[in-house]
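Novice: Okay, here's the structure, questions in a sec.
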Amino acid sequence: MKQFFILFSSLLFTGSLYHSQSLQNKESAPGNVKIIVLGNVQDAGSPQIGCRKECCLDLWKHPLQDRKITSLGLIDKELQKNYIFDASPDFTQQLQFLMEHTAIPKKTIPDGIFITHAHIGHYTGLMFLGKEAMNSRDIPVYTMPRLKKFFENNGPWSQLIRLQNIVPYEMQNETPIQVNSHLEVTPIQVPHRDEYSETVGFIIKGPHKKALFIPDIDKWNKWKYNITDLIKKVDYAFLDGTFYDSEEIGYRNIEDIPHPFVVESMELFKSLSPEYKKRIFFIHFNHTNKILNSESKQSKQVIEKGFNIARMGDEFEL
């Protein structure tokens with residue numbers, strides 16, 4: 001097991017000889033490749049359906065434009081390419097936001113979509129690519145094996161494939177994908193509620209920097225890898241921050257909705273140096289999570305402890 005982990009770490013963070021050389025030979029100028037945060041809210045959005053609590057009450061009358069469901073955009077200005085990580089129910093607005101920042105004339109579709117898993121906030125935006133909406137053509141959608149079969153065998157997703165709105169590409173756990181000459185993406189499986197598919201995070205490797213994206217995981221100690229070791233090997237770590245603490249979930253059983261509380265993660269990461277702490281960006285906040293409000297006590301505590309909070313529109317050079 002130890003030998004496997006060493007081998008895997010080497011592959012994941014330095015790439016095979018071919019991948020490593022291809023990226024080095026095709027380096028882009030700094031700033032040409034970047035990640036942009038397209039949303040930071042949990043699957044059901046904010047305000048959340050049926051909620052009459054204080055967290056949502058005013059939002060029904062005064063919605064906030066930055067309350068979009070979690071997704072990342074990836075922009076390669078030099079090659080005029082862009083990609084999306086997770087197709088959320090807010091996909092329509094998020095795609096427009098990404099296109100405006102890409103600034104490529106007449107471009108209206110992404111060059112690829114990577115899906116973490118089959119929970120509603122992470123793939124249902126694909127419906128807007130169908131004939132009732134965009135009626136797109138041959139957009140690559142990268143999925144794990146179970147998710148690919150789920151799409152192929154269940155409508156309306158199977159119709160997207162049959163009508164060639166999307167083309168599913170099967171990923172393999174811990175196997176890098178050379179997206180283009182500047183970008184490499186590696187899926188890494190994590191423990192989560194896998195009713196319809198596997199759940200993965202992604203290592204996103206650009207010409208100069210690397211990012212880790214794990215919007216959903218049960219608990220860090222259930223994973224076979226040490227999250228603090230991974231944080232040290234990337235430049236940005238976008239990590240599951242669904243719930244701030246146990247008080248937030250109230251009567252609900254955490255076993256039914258397992259996630260690492262933000263306070264748990266901060267305790268786990270407290271011994272990291274300031275350099276490593278600042279690489280961590282919490283994301284994927286439930287509508288009840290007060291971190292969504294940048295002026296809240298909880299948000300200020302995260303910042304005071306040396307960590308960061310991903311906000312819509314934040315950009316990160318790769």
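Naming scheme: A, B, ... for chains in displayed order of the structure tokens; residues 1 onward per chain; ligands 1 onward as shown.
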For the strand (DSSP E or B) assignment from backbone DSSP, which residues of segment 68-237 of chain A qualify? Please present them as a compact mmCIF listing (two decimals) with C-alpha atoms, in the first residue's frame.

Specialist:
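Saved file part32.txt follows:
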# COMPACT_ATOMS: atom_id res chain seq x y z
CA ILE A 69 -24.48 26.80 -6.93
CA SER A 71 -18.98 25.37 -10.02
CA LEU A 72 -15.56 26.33 -11.32
CA GLY A 73 -14.66 27.72 -14.73
CA LEU A 74 -11.31 27.17 -16.41
CA ILE A 75 -10.10 29.67 -19.01
CA ASP A 76 -7.22 29.28 -21.47
CA LYS A 81 -10.65 27.40 -24.71
CA ASN A 82 -12.80 27.20 -21.61
CA TYR A 83 -14.11 24.41 -19.42
CA ILE A 84 -16.58 23.97 -16.57
CA PHE A 85 -16.32 21.79 -13.48
CA ILE A 113 -17.47 19.77 -18.82
CA PHE A 114 -16.11 17.71 -15.91
CA ILE A 139 -19.83 18.95 -26.11
CA PRO A 140 -17.38 16.64 -24.30
CA VAL A 141 -18.63 15.63 -20.84
CA TYR A 142 -16.04 13.85 -18.69
CA THR A 143 -17.48 11.30 -16.25
CA ILE A 166 -23.07 15.87 -25.51
CA VAL A 167 -20.41 13.19 -25.93
CA PRO A 168 -19.52 11.35 -22.69
CA TYR A 169 -15.85 10.57 -22.12
CA GLU A 170 -15.06 7.98 -19.48
CA ILE A 177 -6.31 13.48 -18.85
CA GLN A 178 -4.37 15.76 -21.20
CA GLU A 184 -4.09 18.28 -17.36
CA VAL A 185 -6.97 17.05 -15.18
CA THR A 186 -6.86 14.05 -12.84
CA PRO A 187 -9.98 12.62 -11.14
CA ILE A 188 -9.44 11.33 -7.62
CA GLN A 189 -12.22 9.31 -5.98
CA VAL A 200 -14.51 12.42 -7.41
CA GLY A 201 -12.52 15.54 -6.82
CA PHE A 202 -10.10 16.90 -9.40
CA ILE A 203 -6.47 17.89 -9.58
CA ILE A 204 -6.28 20.65 -12.21
CA LYS A 205 -2.75 21.21 -13.49
CA LYS A 210 -2.10 23.26 -9.63
CA ALA A 211 -5.50 23.27 -7.95
CA LEU A 212 -7.46 20.69 -5.95
CA PHE A 213 -11.27 20.75 -6.17
CA ILE A 214 -13.26 18.61 -3.69
CA TYR A 236 -5.08 26.19 -4.36
CA ALA A 237 -7.38 23.77 -2.54

Novice: Have a look at A:Asn289, A:Tyr196, A:Lys305, A:Pro30 and name the one nearest to Gln48 of chain A; count only C-alpha atoms.

Specialist: A:Asn289

Novice: I'd like the neighbourhood of Lys68 of chain A as number ranges by chain, where a residue qualifies if any of its atoms comes within 7 Å (using only C-alpha atoms), though same-chain residues fewer than 6 positions away should be ignored.

Specialist: A: 39-41, 45, 90

Novice: Could you write out the selected residues, including N, CA and C atoms, as an mmCIF file, in the first residue's frame?

Specialist:
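File part36.cif, as written:
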data_model
loop_
_atom_site.group_PDB
_atom_site.id
_atom_site.type_symbol
_atom_site.label_atom_id
_atom_site.label_comp_id
_atom_site.auth_asym_id
_atom_site.auth_seq_id
_atom_site.Cartn_x
_atom_site.Cartn_y
_atom_site.Cartn_z
ATOM 1 N N GLY A 39 -19.569 29.773 -8.638
ATOM 2 C CA GLY A 39 -20.581 29.637 -7.599
ATOM 3 C C GLY A 39 -20.003 28.931 -6.391
ATOM 4 N N ASN A 40 -20.632 29.128 -5.224
ATOM 5 C CA ASN A 40 -20.099 28.530 -3.991
ATOM 6 C C ASN A 40 -21.174 27.964 -3.069
ATOM 7 N N VAL A 41 -22.403 27.792 -3.585
ATOM 8 C CA VAL A 41 -23.519 27.349 -2.758
ATOM 9 C C VAL A 41 -23.767 25.854 -2.958
ATOM 10 N N GLY A 45 -29.149 25.548 -3.702
ATOM 11 C CA GLY A 45 -29.135 26.995 -3.867
ATOM 12 C C GLY A 45 -29.465 27.784 -2.619
ATOM 13 N N ASP A 90 -27.683 26.309 -11.954
ATOM 14 C CA ASP A 90 -27.448 27.702 -12.362
ATOM 15 C C ASP A 90 -26.575 27.781 -13.616
#

Novice: From the set A:Asp194, A:Asn135, A:Gly241, A:Gln80, which residue has the shortest atom-to-atom contact distance to His287 of chain A, counting only C-alpha atoms?

Specialist: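 Answer, going by the shortest atom-to-atom distance: A:Gly241.
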
Novice: Between atom CA of Ala87 of chain A and atom CA of Leu57 of chain A, what is the spacing in Å?

Specialist: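 For atom CA of Leu57 of chain A relative to atom CA of Ala87 of chain A, the distance reads 26.7 Å.
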
Novice: Could you list, as a PyMOL selection string, every residue within 7 Å of Tyr123 of chain A, counting only C-alpha atoms and ignoring same-chain residues fewer than 5 positions away?

Specialist: chain A and resi 86-88+115+118

Novice: Write out the residues from the selection above, keeping C-alpha atoms, as a tab-separated table (two decimals), in the first residue's frame.

Specialist:
chain	number	residue	atom	x	y	z
A	86	ASP	CA	-19.84	20.66	-12.52
A	87	ALA	CA	-22.95	21.68	-14.44
A	88	SER	CA	-25.17	23.13	-11.74
A	115	ILE	CA	-18.66	16.19	-13.50
A	118	ALA	CA	-24.61	12.51	-9.64

Novice: Near Lys232 of chain A, counting only C-alpha atoms, which residues have an atom at most 10 Å away, once you skip same-chain residues fewer than 2 positions from it, shown as a VMD selection string?

Specialist: chain A and resid 227 to 230 234 to 237 272 to 273 275 to 277 279

Novice: Next, write the just-selected residues to a file, as a short mmCIF file (atom, residue, chain, number, x, y, z; two decimals), in the first residue's frame, keeping N, CA and C atoms as the atom set.

Specialist:
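Listing of result30.cif after writing:
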data_model
loop_
_atom_site.label_atom_id
_atom_site.label_comp_id
_atom_site.auth_asym_id
_atom_site.auth_seq_id
_atom_site.Cartn_x
_atom_site.Cartn_y
_atom_site.Cartn_z
N ILE A 227 -5.36 14.55 3.54
CA ILE A 227 -5.69 15.79 2.85
C ILE A 227 -4.62 16.87 3.07
N THR A 228 -3.99 16.89 4.22
CA THR A 228 -2.95 17.90 4.46
C THR A 228 -1.75 17.69 3.54
N ASP A 229 -1.44 16.43 3.22
CA ASP A 229 -0.35 16.17 2.28
C ASP A 229 -0.70 16.69 0.88
N LEU A 230 -1.96 16.52 0.49
CA LEU A 230 -2.36 17.00 -0.82
C LEU A 230 -2.35 18.52 -0.90
N VAL A 234 -0.36 21.37 -3.88
CA VAL A 234 -1.08 22.20 -4.85
C VAL A 234 -0.95 23.66 -4.43
N ASP A 235 -1.38 24.55 -5.31
CA ASP A 235 -1.32 25.98 -5.02
C ASP A 235 -2.65 26.52 -4.50
N TYR A 236 -3.74 25.83 -4.85
CA TYR A 236 -5.08 26.19 -4.36
C TYR A 236 -5.83 24.91 -4.04
N ALA A 237 -6.58 24.94 -2.93
CA ALA A 237 -7.38 23.77 -2.54
C ALA A 237 -8.80 24.24 -2.24
N LEU A 272 -0.85 23.60 10.12
CA LEU A 272 -0.22 23.98 8.87
C LEU A 272 0.39 25.38 8.99
N SER A 273 1.43 25.62 8.25
CA SER A 273 2.05 26.94 8.24
C SER A 273 1.12 27.94 7.55
N GLU A 275 1.63 29.70 5.06
CA GLU A 275 1.76 29.52 3.62
C GLU A 275 0.78 28.48 3.09
N TYR A 276 0.63 27.37 3.83
CA TYR A 276 -0.27 26.31 3.39
C TYR A 276 -1.73 26.65 3.70
N LYS A 277 -1.97 27.29 4.83
CA LYS A 277 -3.34 27.66 5.18
C LYS A 277 -3.97 28.56 4.12
N ARG A 279 -3.66 28.55 1.10
CA ARG A 279 -4.00 27.83 -0.12
C ARG A 279 -5.41 27.25 -0.06
#

Novice: I'd like to know which residues of segment 97-231 of chain A are helix (DSSP H, G or I) (by DSSP, run on the backbone); could you write them as a PyMOL selection string?

Specialist: chain A and resi 97-102+120-129+145-153+157-162+220-222+227-231

Novice: Store the residues picked out above in a file with C-alpha atoms, as a PDB file, in the first residue's frame.

Specialist:
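Ended up saving to part_23.pdb:
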ATOM      1  CA  PHE A  97     -20.541  34.656 -16.795  1.00  0.00           C
ATOM      2  CA  LEU A  98     -17.714  32.399 -17.973  1.00  0.00           C
ATOM      3  CA  MET A  99     -18.080  33.507 -21.600  1.00  0.00           C
ATOM      4  CA  GLU A 100     -17.965  37.172 -20.627  1.00  0.00           C
ATOM      5  CA  HIS A 101     -14.682  36.570 -18.792  1.00  0.00           C
ATOM      6  CA  THR A 102     -13.262  34.441 -21.583  1.00  0.00           C
ATOM      7  CA  ILE A 120     -28.523  17.395  -8.264  1.00  0.00           C
ATOM      8  CA  GLY A 121     -26.244  20.408  -7.927  1.00  0.00           C
ATOM      9  CA  HIS A 122     -23.450  18.886  -9.960  1.00  0.00           C
ATOM     10  CA  TYR A 123     -24.897  17.559 -13.217  1.00  0.00           C
ATOM     11  CA  THR A 124     -28.503  18.681 -13.809  1.00  0.00           C
ATOM     12  CA  GLY A 125     -27.380  21.835 -15.625  1.00  0.00           C
ATOM     13  CA  LEU A 126     -26.648  19.556 -18.572  1.00  0.00           C
ATOM     14  CA  MET A 127     -30.375  19.686 -19.375  1.00  0.00           C
ATOM     15  CA  PHE A 128     -29.895  23.177 -20.798  1.00  0.00           C
ATOM     16  CA  LEU A 129     -27.746  21.692 -23.558  1.00  0.00           C
ATOM     17  CA  PRO A 145     -17.653   4.854 -15.400  1.00  0.00           C
ATOM     18  CA  ARG A 146     -20.812   4.531 -13.257  1.00  0.00           C
ATOM     19  CA  LEU A 147     -21.908   8.052 -14.102  1.00  0.00           C
ATOM     20  CA  LYS A 148     -21.380   7.424 -17.812  1.00  0.00           C
ATOM     21  CA  LYS A 149     -23.655   4.371 -17.604  1.00  0.00           C
ATOM     22  CA  PHE A 150     -26.196   6.408 -15.616  1.00  0.00           C
ATOM     23  CA  PHE A 151     -26.318   9.006 -18.398  1.00  0.00           C
ATOM     24  CA  GLU A 152     -26.500   6.372 -21.129  1.00  0.00           C
ATOM     25  CA  ASN A 153     -29.327   4.389 -19.509  1.00  0.00           C
ATOM     26  CA  TRP A 157     -29.588  12.379 -20.179  1.00  0.00           C
ATOM     27  CA  SER A 158     -29.618   9.497 -22.657  1.00  0.00           C
ATOM     28  CA  GLN A 159     -31.408  11.775 -25.111  1.00  0.00           C
ATOM     29  CA  LEU A 160     -28.600  14.314 -24.870  1.00  0.00           C
ATOM     30  CA  ILE A 161     -26.233  11.553 -25.953  1.00  0.00           C
ATOM     31  CA  ARG A 162     -28.535  10.155 -28.660  1.00  0.00           C
ATOM     32  CA  TRP A 220     -11.524  13.615   5.782  1.00  0.00           C
ATOM     33  CA  ASN A 221     -10.680  10.680   8.045  1.00  0.00           C
ATOM     34  CA  LYS A 222     -12.726   8.311   5.866  1.00  0.00           C
ATOM     35  CA  ILE A 227      -5.689  15.793   2.851  1.00  0.00           C
ATOM     36  CA  THR A 228      -2.952  17.901   4.455  1.00  0.00           C
ATOM     37  CA  ASP A 229      -0.350  16.167   2.276  1.00  0.00           C
ATOM     38  CA  LEU A 230      -2.365  16.997  -0.824  1.00  0.00           C
ATOM     39  CA  ILE A 231      -2.770  20.644   0.198  1.00  0.00           C
TER      40      ILE A 231
END

Novice: May I ask for the distance between atom CA of Ile35 of chain A and atom CA of His284 of chain A, given in Å to one decimal place?

Specialist: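 These two atoms are separated by 16.1 Å.
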
Novice: Any idea what the distance is between atom CA of Lys107 of chain A and atom CA of Glu78 of chain A?

Specialist: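 Result for atom CA of Lys107 of chain A versus atom CA of Glu78 of chain A: 14.3 Å, one decimal.
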
Novice: Find the spatial neighbours of Pro260 of chain A, counting only C-alpha atoms, within a cut-off of 8 Å - ignore same-chain residues fewer than 3 positions away - and output them as a count of residues only.

Specialist: 10

Novice: Need the shell around His117 of chain A: protein/DNA/RNA residues with any atom at most 7 Å away, counting only C-alpha atoms. Skip same-chain ones fewer than 6 positions apart. Format as JSON, numbers by chain?

Specialist: {"A": [197, 198, 199, 200]}

Novice: Rank nothing, just name the residue among A:Ser181, A:Ser294, A:Ser28, A:Thr70 nearest to Gln42 of chain A, using only C-alpha atoms.

Specialist: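 Among the listed residues, the smallest separation from Gln42 of chain A belongs to A:Thr70.
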